[in-house]
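Here is the file model-v2.cif (mmCIF, C-alpha atoms).
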data_final
loop_
_atom_site.label_atom_id
_atom_site.label_comp_id
_atom_site.auth_asym_id
_atom_site.auth_seq_id
_atom_site.Cartn_x
_atom_site.Cartn_y
_atom_site.Cartn_z
CA MET Y 13 246.10 176.29 181.74
CA ASP Y 14 243.62 178.43 179.83
CA GLN Y 15 242.03 176.45 177.05
CA ARG Y 16 242.04 178.03 173.63
CA LYS Y 17 238.53 178.46 172.22
CA VAL Y 18 238.20 177.16 168.68
CA THR Y 19 235.35 176.30 166.36
CA VAL Y 20 236.09 173.18 164.37
CA ALA Y 21 233.98 171.79 161.53
CA VAL Y 22 234.23 168.06 160.98
CA THR Y 23 232.89 165.75 158.25
CA GLY Y 24 232.51 161.97 158.38
CA LEU Y 25 229.69 161.78 160.94
CA ASN Y 26 228.48 158.50 159.44
CA ASN Y 27 229.20 156.40 162.50
CA ILE Y 28 227.61 153.33 160.93
CA ASP Y 29 228.83 149.76 160.37
CA SER Y 30 231.47 151.04 157.98
CA PRO Y 31 232.16 154.17 159.98
CA GLY Y 32 233.58 157.49 158.94
CA PRO Y 33 236.33 158.97 161.10
CA GLY Y 34 234.38 162.07 162.19
CA ILE Y 35 233.12 160.92 165.58
CA PRO Y 36 236.44 159.40 166.75
CA VAL Y 37 238.21 162.58 165.60
CA ILE Y 38 235.75 164.67 167.61
CA ARG Y 39 236.20 162.45 170.68
CA GLY Y 40 239.95 163.02 170.53
CA ILE Y 41 239.56 166.78 170.18
CA ARG Y 42 236.95 166.93 172.95
CA GLU Y 43 239.41 165.24 175.31
CA SER Y 44 242.02 167.89 174.64
CA LYS Y 45 243.27 169.95 177.56
CA VAL Y 46 244.62 172.53 175.13
CA PHE Y 47 241.36 173.41 173.43
CA ASN Y 48 237.82 174.33 174.36
CA VAL Y 49 236.05 173.39 171.16
CA ARG Y 50 232.74 174.08 169.53
CA ILE Y 51 232.14 171.28 167.04
CA ILE Y 52 230.24 171.94 163.84
CA GLY Y 53 229.22 168.78 162.00
CA LEU Y 54 229.15 168.85 158.19
CA ALA Y 55 226.89 166.11 156.85
CA TYR Y 56 225.89 164.73 153.46
CA GLU Y 57 223.06 162.45 154.62
CA HIS Y 58 220.25 163.23 157.04
CA LEU Y 59 220.75 160.00 158.93
CA GLU Y 60 224.45 160.29 159.67
CA PRO Y 61 224.37 159.28 163.33
CA GLY Y 62 226.85 161.93 164.47
CA ILE Y 63 224.28 164.64 163.70
CA TYR Y 64 222.17 163.38 166.60
CA MET Y 65 225.07 162.89 169.06
CA ARG Y 66 224.44 166.20 170.75
CA ASP Y 67 227.06 165.66 173.48
CA LEU Y 68 229.73 165.48 170.76
CA VAL Y 69 228.43 167.68 167.97
CA ASP Y 70 227.13 171.15 168.86
CA LYS Y 71 225.49 171.91 165.54
CA THR Y 72 225.31 170.28 162.13
CA TYR Y 73 224.87 171.70 158.63
CA MET Y 74 224.12 169.77 155.47
CA ILE Y 75 226.68 170.29 152.70
CA PRO Y 76 226.49 169.41 148.98
CA TYR Y 77 227.89 166.13 147.67
CA PRO Y 78 231.40 166.25 146.18
CA SER Y 79 229.81 165.49 142.78
CA GLU Y 80 228.26 168.98 142.84
CA GLY Y 81 231.73 170.47 142.63
CA LYS Y 82 233.98 172.63 144.74
CA ASP Y 83 232.21 175.91 143.99
CA ALA Y 84 228.92 174.67 145.45
CA LEU Y 85 230.83 173.41 148.47
CA PHE Y 86 232.65 176.73 148.94
CA LYS Y 87 229.41 178.70 148.69
CA ARG Y 88 227.79 176.53 151.36
CA LEU Y 89 230.87 176.73 153.59
CA LEU Y 90 230.76 180.53 153.36
CA GLU Y 91 227.12 180.50 154.51
CA ILE Y 92 228.05 178.30 157.47
CA HIS Y 93 231.13 180.41 158.21
CA ALA Y 94 228.99 183.57 158.33
CA LYS Y 95 226.99 182.03 161.17
CA GLU Y 96 229.63 180.03 163.01
CA LYS Y 97 232.98 181.79 162.42
CA LEU Y 98 234.80 178.54 161.69
CA ASP Y 99 238.47 178.40 162.65
CA VAL Y 100 239.28 174.98 161.19
CA ILE Y 101 237.75 172.33 158.94
CA ILE Y 102 238.83 168.69 159.27
CA PRO Y 103 237.55 166.76 156.24
CA ASN Y 104 237.47 163.00 156.74
CA PHE Y 105 236.25 161.45 153.47
CA ASP Y 106 238.54 160.42 150.64
CA ALA Y 107 235.91 161.46 148.10
CA GLU Y 108 235.68 165.06 149.36
CA LEU Y 109 239.39 165.66 149.88
CA PHE Y 110 240.07 166.73 146.32
CA SER Y 111 237.59 169.63 146.66
CA PHE Y 112 238.91 170.66 150.06
CA ILE Y 113 242.52 170.60 148.85
CA LYS Y 114 241.56 172.73 145.85
CA LEU Y 115 239.72 175.14 148.18
CA GLU Y 116 242.55 175.37 150.71
CA LYS Y 117 243.75 178.84 149.69
CA LYS Y 118 240.23 180.27 149.34
CA LEU Y 119 239.27 178.90 152.74
CA ASP Y 120 242.44 180.32 154.24
CA GLY Y 121 241.55 183.65 152.65
CA VAL Y 122 238.35 183.84 154.69
CA GLY Y 123 240.05 182.67 157.88
CA ILE Y 124 239.35 178.90 157.80
CA LYS Y 125 242.41 176.72 158.24
CA THR Y 126 242.86 173.17 156.94
CA TYR Y 127 245.83 170.81 157.17
CA LEU Y 128 245.87 168.68 154.05
CA PRO Y 129 248.31 167.04 151.66
CA SER Y 130 249.01 168.71 148.31
CA ILE Y 131 247.12 167.57 145.21
CA GLU Y 132 250.34 165.88 144.01
CA GLN Y 133 250.71 163.95 147.29
CA PHE Y 134 247.01 163.08 147.20
CA GLU Y 135 247.11 161.78 143.62
CA GLU Y 136 250.43 159.99 143.96
CA ARG Y 137 249.16 157.65 146.68
CA ASN Y 138 246.00 156.83 144.72
CA LYS Y 139 245.15 153.13 144.61
CA SER Y 140 245.66 153.08 140.88
CA ASN Y 141 249.18 154.55 141.25
CA LEU Y 142 250.30 152.16 143.97
CA SER Y 143 252.72 150.17 141.81
CA ALA Y 144 254.58 153.32 140.75
CA TYR Y 145 254.48 154.52 144.35
CA GLY Y 146 256.05 151.28 145.60
CA GLU Y 147 258.81 151.52 143.03
CA LYS Y 148 259.54 155.20 143.74
CA TYR Y 149 259.71 154.83 147.51
CA GLY Y 150 261.14 151.31 147.76
CA VAL Y 151 258.12 149.68 149.36
CA HIS Y 152 256.67 146.24 148.53
CA VAL Y 153 253.23 146.58 146.96
CA PRO Y 154 250.99 143.91 145.45
CA ALA Y 155 250.99 143.77 141.66
CA GLY Y 156 247.99 145.68 140.41
CA THR Y 157 246.48 147.61 137.58
CA GLU Y 158 243.47 149.77 136.80
CA VAL Y 159 240.69 148.54 134.54
CA TYR Y 160 237.99 150.44 132.70
CA SER Y 161 236.01 147.66 131.00
CA THR Y 162 235.19 143.97 131.30
CA SER Y 163 237.44 143.25 128.33
CA ASP Y 164 240.32 145.00 130.19
CA LEU Y 165 239.44 142.85 133.15
CA ASN Y 166 239.45 139.69 131.07
CA ASN Y 167 242.88 140.50 129.64
CA ILE Y 168 244.41 141.27 133.04
CA LEU Y 169 242.99 138.21 134.76
CA ARG Y 170 244.56 135.87 132.20
CA SER Y 171 247.94 136.60 133.76
CA MET Y 172 246.86 136.52 137.43
CA ASN Y 173 246.11 133.74 139.90
CA TYR Y 174 242.87 133.65 141.90
CA PRO Y 175 241.85 134.98 144.30
CA VAL Y 176 242.37 138.57 143.16
CA MET Y 177 241.30 141.75 144.90
CA ILE Y 178 238.80 143.96 143.06
CA LYS Y 179 238.79 147.47 144.55
CA GLY Y 180 236.63 150.54 144.13
CA LYS Y 181 238.17 153.92 143.24
CA TYR Y 182 237.56 155.33 146.71
CA TYR Y 183 236.16 152.56 148.92
CA ASP Y 184 235.19 148.88 149.04
CA ALA Y 185 237.21 145.84 148.09
CA TYR Y 186 236.29 142.24 147.35
CA ALA Y 187 238.28 139.03 146.90
CA ALA Y 188 237.16 137.32 143.70
CA ASN Y 189 237.74 133.60 143.20
CA SER Y 190 236.65 133.36 139.59
CA PHE Y 191 236.24 135.48 136.48
CA GLU Y 192 232.46 135.56 136.99
CA GLN Y 193 232.87 136.90 140.51
CA ALA Y 194 235.44 139.43 139.34
CA VAL Y 195 233.04 140.75 136.67
CA ASN Y 196 230.23 140.97 139.20
CA TYR Y 197 232.39 143.02 141.60
CA PHE Y 198 233.73 145.13 138.73
CA ILE Y 199 230.18 146.12 137.70
CA ARG Y 200 229.13 146.77 141.28
CA LEU Y 201 232.18 148.89 142.13
CA SER Y 202 232.24 150.89 138.91
CA ALA Y 203 228.54 151.71 139.33
CA LYS Y 204 229.12 152.89 142.90
CA TRP Y 205 232.45 154.68 142.73
CA GLY Y 206 233.13 155.19 139.02
CA PHE Y 207 236.30 154.33 137.08
CA PRO Y 208 238.89 153.04 137.29
CA VAL Y 209 238.36 149.82 139.21
CA ILE Y 210 241.60 148.42 140.58
CA VAL Y 211 242.59 144.76 140.23
CA GLN Y 212 245.25 143.73 142.70
CA GLU Y 213 247.24 140.61 143.56
CA PHE Y 214 245.87 138.90 146.68
CA ILE Y 215 248.45 138.72 149.46
CA ARG Y 216 247.92 136.13 152.18
CA GLY Y 217 248.88 137.17 155.66
CA THR Y 218 247.97 139.29 158.63
CA GLU Y 219 246.39 142.70 158.13
CA VAL Y 220 248.04 145.52 160.03
CA ASN Y 221 247.38 149.25 159.81
CA VAL Y 222 249.27 152.34 160.90
CA VAL Y 223 247.71 155.71 161.65
CA ALA Y 224 250.26 158.50 161.32
CA LEU Y 225 250.56 162.26 161.19
CA GLY Y 226 253.06 164.22 159.11
CA ASP Y 227 253.95 167.89 159.47
CA GLY Y 228 254.57 168.55 155.76
CA LYS Y 229 258.31 168.97 156.36
CA GLY Y 230 259.10 165.27 156.48
CA ASN Y 231 258.69 164.81 160.23
CA LEU Y 232 256.64 161.96 161.67
CA ILE Y 233 254.64 163.57 164.48
CA ALA Y 234 252.66 160.50 165.53
CA ALA Y 235 252.30 156.85 164.54
CA VAL Y 236 250.45 153.93 166.09
CA PRO Y 237 250.30 150.45 164.51
CA MET Y 238 247.25 148.23 164.96
CA ARG Y 239 246.48 144.60 164.16
CA LYS Y 240 242.87 143.95 163.20
CA GLN Y 241 241.40 141.30 165.47
CA TYR Y 242 237.90 141.12 164.11
CA ILE Y 243 237.00 142.09 160.56
CA THR Y 244 233.47 142.66 159.29
CA GLU Y 245 232.18 141.47 155.94
CA LYS Y 246 233.04 144.92 154.61
CA GLY Y 247 236.63 144.44 155.73
CA LYS Y 248 236.38 146.98 158.54
CA ALA Y 249 238.06 146.37 161.89
CA TRP Y 250 235.49 145.80 164.63
CA GLY Y 251 238.23 145.04 167.13
CA GLY Y 252 241.93 145.78 167.05
CA ILE Y 253 245.02 145.90 169.22
CA THR Y 254 248.10 148.11 169.26
CA ILE Y 255 251.26 146.19 168.48
CA GLU Y 256 254.99 146.70 168.88
CA ASP Y 257 256.53 146.38 165.46
CA PRO Y 258 259.46 148.72 164.77
CA SER Y 259 259.41 147.86 161.07
CA LEU Y 260 255.92 149.39 160.76
CA LEU Y 261 257.01 152.62 162.43
CA GLU Y 262 260.13 152.67 160.30
CA LEU Y 263 258.02 152.35 157.15
CA ALA Y 264 255.62 155.09 158.32
CA GLY Y 265 258.59 157.36 159.09
CA LYS Y 266 260.13 156.63 155.68
CA ILE Y 267 256.93 157.40 153.77
CA ILE Y 268 256.24 160.59 155.72
CA PHE Y 269 259.86 161.70 155.30
CA GLN Y 270 260.11 160.92 151.60
CA THR Y 271 256.73 162.33 150.61
CA LYS Y 272 256.74 165.22 153.14
CA TRP Y 273 253.17 164.21 153.89
CA ARG Y 274 251.03 166.89 155.48
CA GLY Y 275 248.17 165.77 157.72
CA GLY Y 276 246.73 162.45 158.81
CA ILE Y 277 247.35 159.24 156.90
CA GLU Y 278 246.54 155.56 157.24
CA LEU Y 279 248.78 152.86 155.84
CA GLU Y 280 247.06 149.54 155.19
CA LEU Y 281 249.56 146.71 155.13
CA ILE Y 282 249.74 142.94 155.05
CA ARG Y 283 252.48 140.96 156.76
CA SER Y 284 252.69 138.03 154.38
CA THR Y 285 253.17 134.46 155.55
CA ASP Y 286 256.85 134.76 154.57
CA HIS Y 287 257.07 137.87 156.83
CA ARG Y 288 257.33 140.45 154.04
CA LEU Y 289 255.46 143.69 154.55
CA TYR Y 290 253.20 144.75 151.66
CA LEU Y 291 251.62 148.16 151.40
CA ILE Y 292 248.14 147.56 150.01
CA GLU Y 293 246.60 151.00 150.36
CA ILE Y 294 247.29 154.52 151.60
CA ASN Y 295 244.31 156.47 152.89
CA PRO Y 296 244.94 160.23 152.81
CA ARG Y 297 243.22 161.01 156.12
CA ILE Y 298 242.77 159.86 159.68
CA PRO Y 299 241.07 156.43 159.89
CA ALA Y 300 237.92 155.60 161.87
CA TRP Y 301 239.93 153.59 164.42
CA VAL Y 302 241.99 156.64 165.43
CA TYR Y 303 240.46 156.67 168.91
CA LEU Y 304 242.58 153.59 169.67
CA ALA Y 305 245.64 155.78 169.16
CA VAL Y 306 244.14 158.35 171.56
CA GLY Y 307 243.56 155.57 174.10
CA ALA Y 308 247.11 154.33 173.62
CA GLY Y 309 248.57 157.75 174.42
CA GLN Y 310 248.75 159.60 171.10
CA ASN Y 311 245.94 162.09 170.67
CA ILE Y 312 246.39 162.42 166.93
CA PRO Y 313 243.23 164.53 166.32
CA GLU Y 314 244.41 167.05 168.92
CA ALA Y 315 247.90 167.11 167.40
CA LEU Y 316 246.37 167.63 163.94
CA LEU Y 317 244.33 170.54 165.25
CA MET Y 318 247.43 172.09 166.83
CA LEU Y 319 249.37 171.78 163.57
CA THR Y 320 246.44 173.30 161.69
CA LEU Y 321 246.49 176.32 163.97
CA GLY Y 322 250.24 176.73 163.53
CA MET Y 323 251.08 175.56 167.03
CA GLU Y 324 254.26 173.66 167.78
CA VAL Y 325 253.79 169.93 168.32
CA ASN Y 326 256.51 167.71 169.73
CA PRO Y 327 256.56 164.30 168.01
CA PHE Y 328 255.10 161.52 170.13
CA THR Y 329 257.74 159.05 171.26
CA ARG Y 330 255.67 156.24 172.79
CA TYR Y 331 252.30 154.51 172.90
CA ASP Y 332 250.83 151.67 174.95
CA VAL Y 333 251.25 148.26 173.35
CA GLY Y 334 248.42 145.76 173.84
CA LYS Y 335 245.66 148.41 174.04
CA MET Y 336 242.50 147.19 172.35
CA PHE Y 337 239.41 148.72 170.85
CA VAL Y 338 236.10 146.94 170.51
CA ARG Y 339 233.53 148.74 168.37
CA TYR Y 340 229.85 148.60 169.19
CA SER Y 341 226.59 149.79 167.75
CA TYR Y 342 224.04 151.73 169.75
CA ASP Y 343 220.50 152.76 168.95
CA MET Y 344 219.73 156.42 169.62
CA ILE Y 345 216.15 157.53 169.99
CA VAL Y 346 215.54 160.65 167.90
CA ASP Y 347 212.43 162.82 167.84
CA LEU Y 348 210.92 163.28 164.41
CA GLU Y 349 210.96 167.03 165.00
CA LEU Y 350 214.79 167.06 164.91
CA PHE Y 351 214.85 165.07 161.69
CA SER Y 352 212.24 167.29 160.06
CA ARG Y 353 214.10 170.46 161.10
CA LEU Y 354 217.29 169.11 159.53
CA THR Y 355 215.61 168.07 156.29
CA THR Y 356 213.74 171.34 155.85
CA THR Y 357 216.34 173.88 157.00
CA GLY Y 358 219.59 171.98 156.33
CA GLU Y 359 220.84 172.56 159.84
CA LEU Y 360 220.35 171.20 163.33
CA MET T 6 265.82 127.66 173.06
CA ILE T 7 264.85 131.17 174.05
CA ILE T 8 261.40 132.74 174.40
CA LYS T 9 261.23 136.10 172.60
CA GLY T 10 262.00 138.84 175.10
CA ASN T 11 258.85 140.86 174.56
CA ILE T 12 256.39 137.95 175.02
CA ALA T 13 254.07 138.65 177.96
CA LEU T 14 252.89 135.76 180.16
CA SER T 15 250.27 136.49 182.79
CA GLU T 16 249.54 134.62 186.03
CA ASN T 17 246.44 132.98 184.54
CA GLY T 18 248.28 131.60 181.50
CA PHE T 19 247.49 134.33 178.96
CA VAL T 20 250.31 134.75 176.45
CA PHE T 21 250.54 137.91 174.34
CA ASN T 22 252.92 138.55 171.47
CA PRO T 23 253.10 142.36 171.18
CA ALA T 24 254.87 142.19 167.83
CA THR T 25 251.96 140.49 166.09
CA GLY T 26 249.01 141.14 168.42
CA ASP T 27 248.41 137.38 168.72
CA SER T 28 247.27 136.03 172.07
CA TYR T 29 246.92 132.50 173.42
CA THR T 30 245.73 130.78 176.56
CA ILE T 31 247.77 127.91 177.91
CA ASN T 32 247.06 125.55 180.82
CA ASN T 33 249.09 125.36 184.03
CA THR T 34 251.45 122.73 182.64
CA GLY T 35 252.13 124.83 179.56
CA LYS T 36 252.70 127.85 181.76
CA GLU T 37 255.18 125.87 183.87
CA VAL T 38 257.13 124.84 180.76
CA LEU T 39 257.14 128.41 179.45
CA ILE T 40 258.50 129.69 182.77
CA LEU T 41 261.22 127.03 182.77
CA ILE T 42 262.22 127.98 179.21
CA ARG T 43 262.28 131.62 180.20
CA GLU T 44 264.55 130.72 183.14
CA GLY T 45 267.01 129.39 180.58
CA LYS T 46 266.48 125.65 181.18
CA ASN T 47 267.21 123.27 178.31
CA ILE T 48 264.95 120.36 177.33
CA ASP T 49 266.76 117.81 179.55
CA GLN T 50 266.51 120.13 182.54
CA ILE T 51 262.81 120.72 181.89
CA ILE T 52 262.20 116.97 181.68
CA ASP T 53 264.11 116.39 184.94
CA SER T 54 262.14 119.10 186.65
CA MET T 55 258.74 117.77 185.53
CA LEU T 56 259.27 114.00 185.75
CA GLY T 57 259.26 114.02 189.54
CA LYS T 58 256.09 116.12 189.71
CA TYR T 59 253.78 114.42 187.23
CA ASP T 60 252.56 110.86 186.81
CA VAL T 61 254.08 110.41 183.36
CA ASP T 62 256.85 108.29 181.82
CA LYS T 63 259.86 109.95 180.25
CA THR T 64 259.04 108.98 176.63
CA THR T 65 255.53 110.40 176.82
CA LEU T 66 256.78 113.59 178.47
CA GLU T 67 259.46 114.03 175.79
CA ARG T 68 256.81 113.66 173.08
CA TYR T 69 254.42 116.15 174.73
CA LEU T 70 257.25 118.58 175.27
CA ALA T 71 258.44 118.31 171.66
CA ASP T 72 254.87 118.99 170.46
CA PHE T 73 254.50 121.99 172.76
CA ILE T 74 257.86 123.48 171.74
CA ASN T 75 256.92 122.99 168.10
CA ASP T 76 253.68 124.91 168.79
CA LEU T 77 255.69 127.73 170.37
CA SER T 78 257.95 127.86 167.34
CA VAL T 79 255.14 127.72 164.78
CA ASN T 80 253.41 130.56 166.59
CA ASN T 81 256.53 132.67 166.44
CA LEU T 82 257.12 132.80 170.18
CA LEU T 83 260.70 131.47 170.16
CA GLU T 84 263.83 133.27 169.02
CA GLU T 85 265.05 131.72 165.77
#
Represent the supplied structure as structure tokens.
Amino acid sequence: MDQRKVTVAVTGLNNIDSPGPGIPVIRGIRESKVFNVRIIGLAYEHLEPGIYMRDLVDKTYMIPYPSEGKDALFKRLLEIHAKEKLDVIIPNFDAELFSFIKLEKKLDGVGIKTYLPSIEQFEERNKSNLSAYGEKYGVHVPAGTEVYSTSDLNNILRSMNYPVMIKGKYYDAYAANSFEQAVNYFIRLSAKWGFPVIVQEFIRGTEVNVVALGDGKGNLIAAVPMRKQYITEKGKAWGGITIEDPSLLELAGKIIFQTKWRGGIELELIRSTDHRLYLIEINPRIPAWVYLAVGAGQNIPEALLMLTLGMEVNPFTRYDVGKMFVRYSYDMIVDLELFSRLTTTGEL
Amino acid sequence: MIIKGNIALSENGFVFNPATGDSYTINNTGKEVLILIREGKNIDQIIDSMLGKYDVDKTTLERYLADFINDLSVNNLLEE
């Protein structure tokens, strides 16, 4: 079969100890038999490892931080598009998604396709809206609230039992065992990610995640559940295994159907010690462990690319249970010349 | 007493519960008991089958077996 040539820009090249999803997404797309891809990396930091993975990323361009606003981002994307003729952009960071969603029509107008949820879908699943989300869609969620000050925090914690989870607006979460610890985490997280900080009931149990893909019409195109086997201090899975749990797939199907979710999504759940399933977070994009799904038989990045290009995708019906991933770190040797070219010209 | 249908038991005594992702290693005796349970044997039949093979009195074997079955149950490997 002739492979379709496409140029795909991907963010999230920070393949570090708390990795972005870019590199696993690229690996999935590279393994596609449908596409012959040219991969353009879009990076925020000069030391994002994916920039230097030349067998995976053909060329990388620096782009402005989300804090600089969507207009600066669009301007830079137009410059890159003029050189590379981008067909598709796959954004992989929560913090940048708002800008990309807002730019969807403008990008489409210049011939760049994306496949993203609507702003309403994106906002509705926000950590701070989780309680309302649980109520609306009939899903168990931990009790939680958003706080903007230490006095807010003090008031909330009077009615909660320790430990409690203190979560950043976009990333990072800590279990606090005392008010002092909670304040410490509150200050740290608000300084890093801004307000609100989310305070959530701590649920004891086993952490399970589901990566899924929705077609925007309510259909579940792909879904693979994973149990974390090894968790780093930052709460990231360093090892995981695919599991057979129909209730997880049922929940993923229900959420995709009810919300008509468009694009990749990760559901973070806890199976409590009394076997109840709690939804603790919804990430509005493909997670960094997505390559496990590829290895288990569901090439979700490829399916996402096909949907983005308007191609028909048949929903996956199976995956291998008991397939594991074990993450590793690897030191690349990089010539200073490459680094200096990137820092001075903004591309490599 | 029924082992959950989807529990995988390998030749070398590796037990995998695909519903939870939990895995365990058991010794040859444990593996033998698990196979007997899977064959549908009840506790008395398992005791009869093992008494002749091992140098153990019936009371001790009953106690060991009760402990092991409790472990299987606690680890969610038996049908409720």
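Interatomic distance, CA of Leu304 (chain Y) against CA of Gly251 (chain Y): 9.9 Å.
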Just to confirm, what's the straight-line distance from CA of Asp29 (chain Y) to CA of Trp250 (chain Y) in Å (one decimal)?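 Going from CA of Asp29 (chain Y) over to CA of Trp250 (chain Y) covers 8.8 Å.
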Residues of chain T within 7 Å of chain Y, using only C-alpha atoms, as a VMD selection string? chain T and resid 23 to 26
What is the CA of Lys71 (chain Y)-CA of Ile51 (chain Y) distance in Å, reported with one decimal? 6.8 Å
So that I can check the surroundings of Glu44 (chain T), please list as a PyMOL selection string every protein, DNA and RNA residue that reaches within 12 Å of it, counting only C-alpha atoms and ignoring chain neighbours fewer than 5 positions away. chain T and resi 6-8+10+37-39+50-51
Residues matched by the PyMOL selection byres ((chain Y and resi 281) around 8) as a PyMOL selection string: chain Y and resi 219-221+279-280+282-283+289-293
